[in-house]
Amino acid sequence: LHGFGGDLGNWLFNLDAVAEVAPVIALDLPGHGQSDQRLPGASLGEMAGFVARVLDDLEVPRAHVVGHSMGGAIAARLALDHPERVASAVLVNSAGLGPEINAAYIEGFLAAQSRRELKPVVEQLFADTGLVNRQLLDDLLRYKRLDGVPELLGALAERLFAGGRQGELPALELAGRTLPLTVVWGEHDRIIPTEHAKRAPAGSRVHVLPGAGHMAMMEKAADFNSVLRGHLAEC
């Protein structure tokens, strides 16, 4: 499950590696990527309900759920609301472990209308800002200009990050559950503080990847894939 403003392409460097050991389902969340530009609702619970319905449609009764950023919070909410559907969870630079978030990033992403405006915003996602190329920026701008997308992203941001804080913290509610849980973070995350990894429920496996920012699964794909495959092997 990808994050706010992302799509399933965020997992481009991970899908094949995981598919060698397990079937993989990657999807564009509502209002993102190639999914319909409408929301089932802007709360984490409503987004998690959508994911559960996708699993129903695919006839998948139970899955190991991997979520990045907002997708991590959705994964945690799915585990709380539909525990029978979640075999384990991997939270990557995840929302839902503390109220702090880079509100300027959210505001800047929503407001940017040109490549010049968007570039310094998107650079905050990466430890290596050289990864922010023209193609990435053009793809994001094309998505942001689709009918309904600005309003949809605004509704999500207002519901989940009102006042520049995370309003829902479902990952903290996983404490005391028997759910196998791995938390992965980029050491140089400028969107959600890396210190949130320390708030992972007791018993979680925690991995902080050097040289990575908020997009740890892209910047340190080999290390991330090793962690993810190890998690699956232990589950």
# chains A, B, ... in the order shown; residues from 1 in each chain; ligands from 1
$ residues_around --residues "Ala111 (chain A)" --least-positions-apart "3" --cutoff "12 Å" --atoms "only C-alpha atoms" --output "list in words"
Ala104, Tyr105, Ile106, Glu107, Gly108, Ser114, Arg115, Arg116, Glu117, Leu118, Val121, Leu141, Lys144, Arg145, Pro150, Glu151, Leu153 and Gly154 of chain A
$ select_by_dssp --residues "region 86-230 of chain A" --states "strand (DSSP E)" --output "list in words"
Val86, Ala87, Ser88, Ala89, Val90, Leu91, Val92, Leu181, Thr182, Val183, Val184, Trp185, Gly186, Arg205, Val206, His207, Val208 and Leu209 of chain A
$ closest_residue --among "A:Asp57, A:Asp138, A:Val92, A:Leu146" --to "Ser35 (chain A)" --atoms "only C-alpha atoms"
A:Leu146
$ closest_atom_pairs --of "region 138-234 of chain A" --to "region 15-30 of chain A" --cutoff "10 Å" --atoms "only C-alpha atoms" --output "CSV"
residue,atom,partner,partner_atom,distance
A:Leu152,CA,A:Pro30,CA,9.4
A:Ala221,CA,A:Ala17,CA,9.5
A:Ala222,CA,A:Ala17,CA,8.8
A:Asn225,CA,A:Ala17,CA,6.5
A:Ser226,CA,A:Ala17,CA,8.7
A:Leu228,CA,A:Val18,CA,7.6
A:Arg229,CA,A:Val18,CA,6.4
A:Leu232,CA,A:Ala22,CA,8.3
A:Ala233,CA,A:Val21,CA,8.7
$ write_last_selection --atoms "N, CA and C atoms" --output "mmCIF file, in the first residue's frame"
data_model
loop_
_atom_site.group_PDB
_atom_site.id
_atom_site.type_symbol
_atom_site.label_atom_id
_atom_site.label_comp_id
_atom_site.auth_asym_id
_atom_site.auth_seq_id
_atom_site.Cartn_x
_atom_site.Cartn_y
_atom_site.Cartn_z
ATOM 1 N N LEU A 152 -9.544 15.913 -4.075
ATOM 2 C CA LEU A 152 -9.441 14.633 -3.379
ATOM 3 C C LEU A 152 -8.241 14.616 -2.430
ATOM 4 N N ALA A 221 16.741 -0.235 -2.112
ATOM 5 C CA ALA A 221 15.856 -1.341 -2.495
ATOM 6 C C ALA A 221 16.426 -2.700 -2.097
ATOM 7 N N ALA A 222 17.710 -2.930 -2.332
ATOM 8 C CA ALA A 222 18.290 -4.240 -2.014
ATOM 9 C C ALA A 222 18.196 -4.527 -0.520
ATOM 10 N N ASN A 225 14.499 -5.066 0.369
ATOM 11 C CA ASN A 225 14.010 -6.367 -0.103
ATOM 12 C C ASN A 225 14.519 -7.498 0.778
ATOM 13 N N SER A 226 15.748 -7.374 1.249
ATOM 14 C CA SER A 226 16.293 -8.387 2.150
ATOM 15 C C SER A 226 15.513 -8.433 3.460
ATOM 16 N N LEU A 228 12.383 -7.434 3.898
ATOM 17 C CA LEU A 228 11.029 -7.909 3.639
ATOM 18 C C LEU A 228 11.005 -9.417 3.435
ATOM 19 N N ARG A 229 11.949 -9.943 2.680
ATOM 20 C CA ARG A 229 12.001 -11.388 2.466
ATOM 21 C C ARG A 229 12.300 -12.115 3.779
ATOM 22 N N LEU A 232 9.046 -12.262 5.763
ATOM 23 C CA LEU A 232 8.138 -13.293 5.250
ATOM 24 C C LEU A 232 8.610 -14.685 5.634
ATOM 25 N N ALA A 233 9.920 -14.909 5.600
ATOM 26 C CA ALA A 233 10.460 -16.221 5.955
ATOM 27 C C ALA A 233 10.198 -16.568 7.413
#
$ atom_distance --atom1 "CA of Asp7 (chain A)" --atom2 "CA of Gly31 (chain A)"
9.6 Å
$ closest_atom_pairs --of "region 54-90 of chain A" --to "region 195-211 of chain A" --cutoff "12 Å" --atoms "only C-alpha atoms" --output "Markdown table"
| residue | atom | partner | partner_atom | distance |
| --- | --- | --- | --- | --- |
| A:Ser69 | CA | A:His196 | CA | 11.7 |
| A:Ala76 | CA | A:Ala200 | CA | 11.6 |
| A:Ser88 | CA | A:Ser204 | CA | 10.9 |
| A:Ala89 | CA | A:Ser204 | CA | 10.0 |
| A:Val90 | CA | A:Arg205 | CA | 9.3 |
